[in-house]
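> Structure: input_38.cif, mmCIF, N, CA and C atoms.
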```cif
data_query
loop_
_atom_site.label_atom_id
_atom_site.label_comp_id
_atom_site.auth_asym_id
_atom_site.auth_seq_id
_atom_site.Cartn_x
_atom_site.Cartn_y
_atom_site.Cartn_z
N MET V 21 82.17 107.66 97.79
CA MET V 21 82.72 108.95 98.12
C MET V 21 83.50 109.47 96.91
N THR V 22 83.35 110.74 96.64
CA THR V 22 84.07 111.39 95.55
C THR V 22 84.99 112.45 96.14
N VAL V 23 86.21 112.54 95.61
CA VAL V 23 87.15 113.58 96.01
C VAL V 23 87.58 114.35 94.78
N THR V 24 88.01 115.58 94.97
CA THR V 24 88.55 116.38 93.87
C THR V 24 90.03 116.58 94.11
N ILE V 25 90.81 116.22 93.11
CA ILE V 25 92.26 116.39 93.20
C ILE V 25 92.64 117.57 92.33
N GLN V 26 93.42 118.49 92.90
CA GLN V 26 93.89 119.66 92.18
C GLN V 26 95.40 119.59 92.09
N GLY V 27 95.94 119.97 90.95
CA GLY V 27 97.38 119.99 90.80
C GLY V 27 97.77 120.50 89.44
N LYS V 28 99.06 120.65 89.25
CA LYS V 28 99.59 121.09 87.96
C LYS V 28 99.75 119.86 87.08
N MET V 29 99.16 119.92 85.89
CA MET V 29 99.26 118.78 84.98
C MET V 29 100.68 118.68 84.46
N PHE V 30 101.29 117.55 84.74
CA PHE V 30 102.67 117.29 84.36
C PHE V 30 102.74 116.65 82.98
N GLY V 31 101.69 115.95 82.62
CA GLY V 31 101.64 115.26 81.33
C GLY V 31 100.52 114.25 81.33
N GLY V 32 100.49 113.44 80.30
CA GLY V 32 99.50 112.39 80.19
C GLY V 32 100.00 111.34 79.21
N TYR V 33 99.48 110.14 79.33
CA TYR V 33 99.88 109.07 78.42
C TYR V 33 98.79 108.02 78.35
N LEU V 34 98.80 107.25 77.28
CA LEU V 34 97.86 106.15 77.09
C LEU V 34 98.54 104.85 77.49
N LYS V 35 97.95 104.16 78.46
CA LYS V 35 98.49 102.87 78.89
C LYS V 35 98.31 101.84 77.78
N PRO V 36 99.20 100.86 77.68
CA PRO V 36 99.03 99.79 76.68
C PRO V 36 97.80 98.95 76.99
N ASP V 37 97.25 98.32 75.97
CA ASP V 37 96.13 97.40 76.15
C ASP V 37 96.58 96.25 77.06
N PHE V 38 95.62 95.69 77.81
CA PHE V 38 95.90 94.59 78.73
C PHE V 38 95.18 93.34 78.24
N THR V 39 95.90 92.23 78.14
CA THR V 39 95.30 90.96 77.75
C THR V 39 95.35 90.00 78.93
N ASN V 40 94.18 89.50 79.33
CA ASN V 40 94.08 88.53 80.40
C ASN V 40 94.64 87.21 79.90
N LYS V 41 95.67 86.70 80.58
CA LYS V 41 96.35 85.47 80.13
C LYS V 41 95.45 84.24 80.21
N GLU V 42 94.51 84.24 81.14
CA GLU V 42 93.64 83.07 81.30
C GLU V 42 92.51 83.04 80.28
N THR V 43 91.87 84.20 80.05
CA THR V 43 90.70 84.23 79.16
C THR V 43 91.03 84.72 77.75
N GLY V 44 92.17 85.40 77.59
CA GLY V 44 92.52 85.96 76.29
C GLY V 44 91.80 87.27 76.00
N GLU V 45 90.96 87.71 76.93
CA GLU V 45 90.20 88.95 76.74
C GLU V 45 91.14 90.16 76.83
N THR V 46 90.97 91.08 75.87
CA THR V 46 91.81 92.29 75.85
C THR V 46 90.99 93.50 76.29
N THR V 47 91.57 94.28 77.19
CA THR V 47 90.97 95.52 77.68
C THR V 47 91.79 96.68 77.15
N LYS V 48 91.12 97.66 76.56
CA LYS V 48 91.81 98.84 76.03
C LYS V 48 92.53 99.57 77.15
N GLY V 49 93.73 100.10 76.85
CA GLY V 49 94.48 100.89 77.81
C GLY V 49 93.78 102.21 78.09
N LYS V 50 93.88 102.70 79.32
CA LYS V 50 93.24 103.94 79.72
C LYS V 50 94.22 105.10 79.58
N PHE V 51 93.67 106.31 79.43
CA PHE V 51 94.48 107.52 79.42
C PHE V 51 94.74 107.92 80.87
N VAL V 52 95.98 108.27 81.17
CA VAL V 52 96.37 108.64 82.52
C VAL V 52 96.86 110.08 82.52
N VAL V 53 96.29 110.90 83.41
CA VAL V 53 96.73 112.28 83.62
C VAL V 53 97.72 112.25 84.78
N GLN V 54 98.90 112.87 84.58
CA GLN V 54 99.88 112.95 85.65
C GLN V 54 99.79 114.34 86.28
N LEU V 55 99.51 114.38 87.59
CA LEU V 55 99.37 115.64 88.32
C LEU V 55 100.46 115.78 89.36
N MET V 56 101.09 116.96 89.40
CA MET V 56 102.02 117.29 90.47
C MET V 56 101.20 117.99 91.55
N VAL V 57 101.10 117.35 92.70
CA VAL V 57 100.24 117.83 93.78
C VAL V 57 101.13 118.27 94.94
N GLU V 58 100.82 119.46 95.50
CA GLU V 58 101.56 119.96 96.65
C GLU V 58 100.84 119.56 97.93
N GLN V 59 101.60 119.06 98.88
CA GLN V 59 101.04 118.69 100.18
C GLN V 59 101.81 119.47 101.24
N LYS V 60 101.09 120.25 102.06
CA LYS V 60 101.73 121.01 103.13
C LYS V 60 101.93 120.10 104.33
N LEU V 61 103.17 120.02 104.80
CA LEU V 61 103.50 119.17 105.94
C LEU V 61 103.33 119.93 107.25
N LYS V 62 103.36 119.21 108.38
CA LYS V 62 103.20 119.81 109.70
C LYS V 62 104.24 120.89 109.98
N ASN V 63 105.44 120.71 109.45
CA ASN V 63 106.52 121.68 109.69
C ASN V 63 106.52 122.81 108.67
N GLU V 64 105.41 122.96 107.94
CA GLU V 64 105.20 124.03 106.95
C GLU V 64 105.97 123.82 105.65
N GLU V 65 106.73 122.74 105.53
CA GLU V 65 107.41 122.42 104.28
C GLU V 65 106.38 121.93 103.27
N ILE V 66 106.72 122.03 101.98
CA ILE V 66 105.85 121.55 100.91
C ILE V 66 106.45 120.29 100.29
N LYS V 67 105.65 119.25 100.22
CA LYS V 67 106.05 118.00 99.57
C LYS V 67 105.32 117.92 98.24
N ASN V 68 106.06 117.72 97.15
CA ASN V 68 105.46 117.54 95.83
C ASN V 68 105.36 116.05 95.55
N GLU V 69 104.20 115.64 95.05
CA GLU V 69 104.00 114.23 94.73
C GLU V 69 103.35 114.13 93.36
N LEU V 70 103.86 113.23 92.53
CA LEU V 70 103.31 113.00 91.21
C LEU V 70 102.27 111.88 91.31
N LEU V 71 101.01 112.20 90.94
CA LEU V 71 99.93 111.22 90.96
C LEU V 71 99.52 110.86 89.54
N ASP V 72 99.27 109.60 89.29
CA ASP V 72 98.71 109.13 88.03
C ASP V 72 97.22 108.91 88.24
N VAL V 73 96.38 109.61 87.47
CA VAL V 73 94.93 109.51 87.59
C VAL V 73 94.37 109.06 86.25
N SER V 74 93.81 107.86 86.18
CA SER V 74 93.22 107.40 84.92
C SER V 74 91.87 108.10 84.73
N VAL V 75 91.57 108.45 83.47
CA VAL V 75 90.31 109.12 83.17
C VAL V 75 89.59 108.37 82.06
N PRO V 76 88.25 108.39 82.08
CA PRO V 76 87.49 107.72 81.02
C PRO V 76 87.78 108.36 79.66
N VAL V 77 87.63 107.59 78.61
CA VAL V 77 87.94 108.04 77.25
C VAL V 77 87.18 109.31 76.89
N GLU V 78 85.96 109.46 77.38
CA GLU V 78 85.16 110.64 77.03
C GLU V 78 85.69 111.93 77.70
N LEU V 79 86.60 111.81 78.65
CA LEU V 79 87.17 112.99 79.31
C LEU V 79 88.58 113.35 78.84
N VAL V 80 89.17 112.53 77.99
CA VAL V 80 90.55 112.75 77.55
C VAL V 80 90.72 114.13 76.93
N SER V 81 89.79 114.56 76.08
CA SER V 81 89.92 115.86 75.39
C SER V 81 89.93 117.03 76.38
N LYS V 82 89.33 116.83 77.55
CA LYS V 82 89.30 117.87 78.58
C LYS V 82 90.69 118.18 79.12
N TYR V 83 91.60 117.21 79.04
CA TYR V 83 92.93 117.36 79.63
C TYR V 83 94.06 117.46 78.60
N LYS V 84 93.80 117.09 77.34
CA LYS V 84 94.82 117.18 76.30
C LYS V 84 95.26 118.63 76.14
N GLY V 85 96.57 118.87 76.08
CA GLY V 85 97.10 120.22 75.86
C GLY V 85 97.12 121.10 77.10
N LYS V 86 96.86 120.53 78.26
CA LYS V 86 96.83 121.32 79.50
C LYS V 86 98.12 121.17 80.31
N ASP V 87 99.17 120.62 79.72
CA ASP V 87 100.44 120.45 80.43
C ASP V 87 100.89 121.79 81.02
N GLY V 88 101.31 121.77 82.29
CA GLY V 88 101.78 122.97 82.97
C GLY V 88 100.68 123.83 83.57
N GLN V 89 99.43 123.46 83.36
CA GLN V 89 98.30 124.23 83.89
C GLN V 89 97.70 123.54 85.11
N GLN V 90 97.08 124.34 85.99
CA GLN V 90 96.35 123.80 87.13
C GLN V 90 95.06 123.16 86.63
N VAL V 91 94.79 121.95 87.05
CA VAL V 91 93.55 121.27 86.69
C VAL V 91 92.95 120.62 87.93
N GLU V 92 91.67 120.32 87.84
CA GLU V 92 90.94 119.59 88.88
C GLU V 92 90.35 118.34 88.25
N ILE V 93 90.40 117.24 88.97
CA ILE V 93 89.79 116.00 88.50
C ILE V 93 88.94 115.43 89.63
N LYS V 94 87.64 115.25 89.37
CA LYS V 94 86.78 114.58 90.34
C LYS V 94 87.08 113.09 90.26
N CYS V 95 87.29 112.47 91.41
CA CYS V 95 87.74 111.08 91.44
C CYS V 95 86.97 110.24 92.43
N ASN V 96 86.88 108.98 92.12
CA ASN V 96 86.59 107.94 93.09
C ASN V 96 87.96 107.34 93.41
N TYR V 97 88.04 106.52 94.43
CA TYR V 97 89.34 105.93 94.73
C TYR V 97 89.19 104.51 95.23
N MET V 98 90.31 103.79 95.14
CA MET V 98 90.39 102.43 95.66
C MET V 98 91.76 102.28 96.31
N ALA V 99 91.86 101.36 97.23
CA ALA V 99 93.14 101.18 97.91
C ALA V 99 93.37 99.71 98.21
N LYS V 100 94.60 99.31 98.00
CA LYS V 100 95.07 98.00 98.46
C LYS V 100 96.02 98.33 99.60
N GLU V 101 97.16 98.89 99.24
CA GLU V 101 98.08 99.42 100.24
C GLU V 101 98.15 100.93 100.07
N LYS V 102 98.25 101.36 98.83
CA LYS V 102 98.36 102.77 98.49
C LYS V 102 97.03 103.21 97.85
N VAL V 103 96.57 104.40 98.14
CA VAL V 103 95.33 104.90 97.55
C VAL V 103 95.59 105.18 96.08
N THR V 104 94.66 104.74 95.22
CA THR V 104 94.73 104.98 93.78
C THR V 104 93.53 105.81 93.38
N PHE V 105 93.75 106.90 92.64
CA PHE V 105 92.68 107.78 92.22
C PHE V 105 92.34 107.54 90.75
N TYR V 106 91.05 107.67 90.41
CA TYR V 106 90.63 107.60 89.00
C TYR V 106 89.52 108.59 88.77
N GLY V 107 89.61 109.34 87.65
CA GLY V 107 88.67 110.41 87.34
C GLY V 107 87.29 109.90 86.97
N VAL V 108 86.27 110.67 87.33
CA VAL V 108 84.90 110.28 87.03
C VAL V 108 84.11 111.39 86.34
N ALA V 109 84.58 112.61 86.33
CA ALA V 109 83.84 113.70 85.68
C ALA V 109 84.77 114.81 85.27
#
```
For the file at hand, write its structure as C-alpha coordinates.


Amino acid sequence: MTVTIQGKMFGGYLKPDFTNKETGETTKGKFVVQLMVEQKLKNEEIKNELLDVSVPVELVSKYKGKDGQQVEIKCNYMAKEKVTFYGVA
(Lines of atoms letter the chains of each structure in order from A and count residues from 1; the text may use other names and numbers.)
(Lines give C-alpha, C1' and ligand atoms only; values in the text may rest on other atoms or scores of the structure.)
Protein backbone atom coordinates (compact mmCIF):
# COMPACT_ATOMS: atom_id res chain seq x y z
CA MET A 1 0.00 0.00 0.00
CA THR A 2 1.23 3.49 -0.83
CA VAL A 3 0.10 6.68 0.92
CA THR A 4 0.79 10.32 0.11
CA ILE A 5 1.76 12.60 2.95
CA GLN A 6 1.27 16.33 2.52
CA GLY A 7 2.67 18.98 4.80
CA LYS A 8 4.87 22.01 5.18
CA MET A 9 8.54 21.11 4.91
CA PHE A 10 10.14 22.06 8.20
CA GLY A 11 13.64 21.01 7.20
CA GLY A 12 15.78 18.05 6.31
CA TYR A 13 18.95 16.35 7.49
CA LEU A 14 21.29 13.49 6.64
CA LYS A 15 21.34 10.70 9.24
CA PRO A 16 24.79 9.43 10.29
CA ASP A 17 26.08 6.21 8.76
CA PHE A 18 25.15 3.05 10.69
CA THR A 19 27.67 0.30 11.46
CA ASN A 20 26.38 -3.15 12.42
CA LYS A 21 28.31 -4.13 15.56
CA GLU A 22 28.14 -7.85 14.77
CA THR A 23 29.15 -7.83 11.10
CA GLY A 24 31.02 -4.52 10.86
CA GLU A 25 28.97 -3.67 7.77
CA THR A 26 28.33 0.06 7.33
CA THR A 27 25.10 1.42 5.82
CA LYS A 28 25.05 4.98 4.50
CA GLY A 29 22.80 7.38 6.41
CA LYS A 30 19.56 8.36 4.68
CA PHE A 31 18.24 11.86 4.03
CA VAL A 32 15.20 12.67 6.16
CA VAL A 33 12.55 15.25 5.23
CA GLN A 34 10.79 16.79 8.23
CA LEU A 35 7.12 17.61 7.53
CA MET A 36 4.74 19.58 9.74
CA VAL A 37 1.41 17.86 9.15
CA GLU A 38 -1.98 19.20 10.28
CA GLN A 39 -4.51 16.73 11.60
CA LYS A 40 -8.12 17.84 12.15
CA LEU A 41 -9.51 16.43 15.39
CA LYS A 42 -13.13 15.44 16.14
CA ASN A 43 -13.66 18.68 18.06
CA GLU A 44 -12.53 20.71 15.00
CA GLU A 45 -9.20 21.62 16.64
CA ILE A 46 -6.01 21.27 14.58
CA LYS A 47 -3.13 19.15 15.86
CA ASN A 48 0.30 19.78 14.30
CA GLU A 49 2.67 16.85 14.17
CA LEU A 50 6.26 16.76 12.95
CA LEU A 51 6.98 13.64 10.85
CA ASP A 52 10.40 12.41 9.76
CA VAL A 53 10.21 10.78 6.31
CA SER A 54 13.36 9.16 4.91
CA VAL A 55 13.77 9.49 1.14
CA PRO A 56 16.02 7.63 -1.32
CA VAL A 57 19.20 9.43 -2.36
CA GLU A 58 17.87 9.97 -5.90
CA LEU A 59 14.97 12.06 -4.49
CA VAL A 60 16.98 14.34 -2.18
CA SER A 61 17.32 17.11 -4.81
CA LYS A 62 13.51 17.20 -5.13
CA TYR A 63 13.22 18.43 -1.53
CA LYS A 64 16.41 20.48 -1.01
CA GLY A 65 15.59 24.20 -0.62
CA LYS A 66 11.86 23.62 -0.09
CA ASP A 67 11.83 24.61 3.61
CA GLY A 68 8.56 26.38 4.47
CA GLN A 69 6.79 25.11 1.34
CA GLN A 70 3.96 22.59 1.02
CA VAL A 71 5.26 19.28 -0.34
CA GLU A 72 3.88 15.82 -1.02
CA ILE A 73 5.79 12.58 -0.52
CA LYS A 74 4.55 9.21 -1.77
CA CYS A 75 5.35 6.70 0.95
CA ASN A 76 5.28 3.10 1.95
CA TYR A 77 5.08 2.51 5.67
CA MET A 78 6.05 0.09 8.41
CA ALA A 79 4.96 -0.13 12.00
CA LYS A 80 6.20 -1.69 15.20
CA GLU A 81 4.29 0.42 17.68
CA LYS A 82 4.25 3.73 15.83
CA VAL A 83 3.74 4.03 12.06
CA THR A 84 6.93 5.06 10.25
CA PHE A 85 6.75 6.62 6.77
CA TYR A 86 9.44 6.48 4.06
CA GLY A 87 9.34 8.12 0.63
CA VAL A 88 9.28 6.07 -2.55
CA ALA A 89 8.72 8.55 -5.40

> Neighbouring residues of range 76-83 of chain V were defined as those with any atom within 7 Å, considering all atoms listed in the file; residues of the same chain fewer than 3 positions away were excluded. Please report them as a PyMOL selection string.

chain V and resi 50-51+86-87+106-109

> Find the residues around Lys28 in chain V up to 8 Å (only N, CA and C atoms counted), leave out those fewer than 6 positions away in its own chain, and share them as a short mmCIF file (atom, residue, chain, number, x, y, z; two decimals) with N, CA and C atoms, in the frame of the given file.


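Listing of around.cif after writing:
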```cif
data_model
loop_
_atom_site.label_atom_id
_atom_site.label_comp_id
_atom_site.auth_asym_id
_atom_site.auth_seq_id
_atom_site.Cartn_x
_atom_site.Cartn_y
_atom_site.Cartn_z
N GLN V 54 98.90 112.87 84.58
CA GLN V 54 99.88 112.95 85.65
C GLN V 54 99.79 114.34 86.28
N LEU V 55 99.51 114.38 87.59
CA LEU V 55 99.37 115.64 88.32
C LEU V 55 100.46 115.78 89.36
N MET V 56 101.09 116.96 89.40
CA MET V 56 102.02 117.29 90.47
C MET V 56 101.20 117.99 91.55
N VAL V 57 101.10 117.35 92.70
CA VAL V 57 100.24 117.83 93.78
C VAL V 57 101.13 118.27 94.94
N GLU V 58 100.82 119.46 95.50
CA GLU V 58 101.56 119.96 96.65
C GLU V 58 100.84 119.56 97.93
N LYS V 86 96.86 120.53 78.26
CA LYS V 86 96.83 121.32 79.50
C LYS V 86 98.12 121.17 80.31
N ASP V 87 99.17 120.62 79.72
CA ASP V 87 100.44 120.45 80.43
C ASP V 87 100.89 121.79 81.02
N GLY V 88 101.31 121.77 82.29
CA GLY V 88 101.78 122.97 82.97
C GLY V 88 100.68 123.83 83.57
N GLN V 89 99.43 123.46 83.36
CA GLN V 89 98.30 124.23 83.89
C GLN V 89 97.70 123.54 85.11
N GLN V 90 97.08 124.34 85.99
CA GLN V 90 96.35 123.80 87.13
C GLN V 90 95.06 123.16 86.63
N VAL V 91 94.79 121.95 87.05
CA VAL V 91 93.55 121.27 86.69
C VAL V 91 92.95 120.62 87.93
N GLU V 92 91.67 120.32 87.84
CA GLU V 92 90.94 119.59 88.88
C GLU V 92 90.35 118.34 88.25
#
```

> Identify which of the residues V:Gly49, V:Thr104, V:Glu69, V:Leu61 lies closest to Leu34 in chain V, counting all atoms listed in the file when measuring atom-to-atom distances.

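Closest candidate: V:Gly49.
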
> For the provided coordinates, the residues matched by the PyMOL selection byres ((chain V and resi 21) around 7) should be stated as an mmCIF file with N, CA and C atoms, in the coordinates of the input.


```
data_model
loop_
_atom_site.group_PDB
_atom_site.id
_atom_site.type_symbol
_atom_site.label_atom_id
_atom_site.label_comp_id
_atom_site.auth_asym_id
_atom_site.auth_seq_id
_atom_site.Cartn_x
_atom_site.Cartn_y
_atom_site.Cartn_z
ATOM 1 N N THR V 22 83.350 110.740 96.640
ATOM 2 C CA THR V 22 84.070 111.390 95.550
ATOM 3 C C THR V 22 84.990 112.450 96.140
ATOM 4 N N VAL V 23 86.210 112.540 95.610
ATOM 5 C CA VAL V 23 87.150 113.580 96.010
ATOM 6 C C VAL V 23 87.580 114.350 94.780
ATOM 7 N N CYS V 95 87.290 112.470 91.410
ATOM 8 C CA CYS V 95 87.740 111.080 91.440
ATOM 9 C C CYS V 95 86.970 110.240 92.430
ATOM 10 N N ASN V 96 86.880 108.980 92.120
ATOM 11 C CA ASN V 96 86.590 107.940 93.090
ATOM 12 C C ASN V 96 87.960 107.340 93.410
ATOM 13 N N TYR V 97 88.040 106.520 94.430
ATOM 14 C CA TYR V 97 89.340 105.930 94.730
ATOM 15 C C TYR V 97 89.190 104.510 95.230
#
```

> Pull the helix (DSSP H, G or I) assignments for chain V out of DSSP run on the backbone, and list those residues as a ChimeraX atom specification.

/V:77-83

> Take the residues just selected and output them with N, CA and C atoms as a PDB file, in the frame of the given file.


```pdb
ATOM      1  N   VAL V  77      87.630 107.590  78.610  1.00  0.00           N
ATOM      2  CA  VAL V  77      87.940 108.040  77.250  1.00  0.00           C
ATOM      3  C   VAL V  77      87.180 109.310  76.890  1.00  0.00           C
ATOM      4  N   GLU V  78      85.960 109.460  77.380  1.00  0.00           N
ATOM      5  CA  GLU V  78      85.160 110.640  77.030  1.00  0.00           C
ATOM      6  C   GLU V  78      85.690 111.930  77.700  1.00  0.00           C
ATOM      7  N   LEU V  79      86.600 111.810  78.650  1.00  0.00           N
ATOM      8  CA  LEU V  79      87.170 112.990  79.310  1.00  0.00           C
ATOM      9  C   LEU V  79      88.580 113.350  78.840  1.00  0.00           C
ATOM     10  N   VAL V  80      89.170 112.530  77.990  1.00  0.00           N
ATOM     11  CA  VAL V  80      90.550 112.750  77.550  1.00  0.00           C
ATOM     12  C   VAL V  80      90.720 114.130  76.930  1.00  0.00           C
ATOM     13  N   SER V  81      89.790 114.560  76.080  1.00  0.00           N
ATOM     14  CA  SER V  81      89.920 115.860  75.390  1.00  0.00           C
ATOM     15  C   SER V  81      89.930 117.030  76.380  1.00  0.00           C
ATOM     16  N   LYS V  82      89.330 116.830  77.550  1.00  0.00           N
ATOM     17  CA  LYS V  82      89.300 117.870  78.580  1.00  0.00           C
ATOM     18  C   LYS V  82      90.690 118.180  79.120  1.00  0.00           C
ATOM     19  N   TYR V  83      91.600 117.210  79.040  1.00  0.00           N
ATOM     20  CA  TYR V  83      92.930 117.360  79.630  1.00  0.00           C
ATOM     21  C   TYR V  83      94.060 117.460  78.600  1.00  0.00           C
TER      22      TYR V  83
END
```

> Rounded to one decimal in Å, what is the spacing between CA of Pro36 in chain V and CA of Lys48 in chain V?

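According to the coordinates, CA of Pro36 in chain V and CA of Lys48 in chain V are separated by 7.3 Å.
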
> Work out how far apart CA of Leu70 in chain V and atom C of Ala99 in chain V are and give it in Å to one decimal.

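Here the two named atoms are 18.0 Å from each other.
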
> Going by DSSP on the backbone, which bits of chain V are strand (DSSP E or B)? Write them as a ChimeraX atom specification, please.

/V:23-34,38-39,46-47,51-60,66-75,90-99,103-107

> Give me the residues near Val53 in chain V as a VMD selection string, where near means some atom within 7 Å (using all atoms listed in the file) and where sequence neighbours in that chain fewer than 2 positions away do not count.

chain V and resid 29 to 33 51 55 71 to 75

> Go ahead and compute the interatomic distance for CA of Thr24 in chain V and CA of Glu101 in chain V, in Å to one decimal.

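So the two atoms, CA of Thr24 in chain V and CA of Glu101 in chain V, lie 20.5 Å apart.
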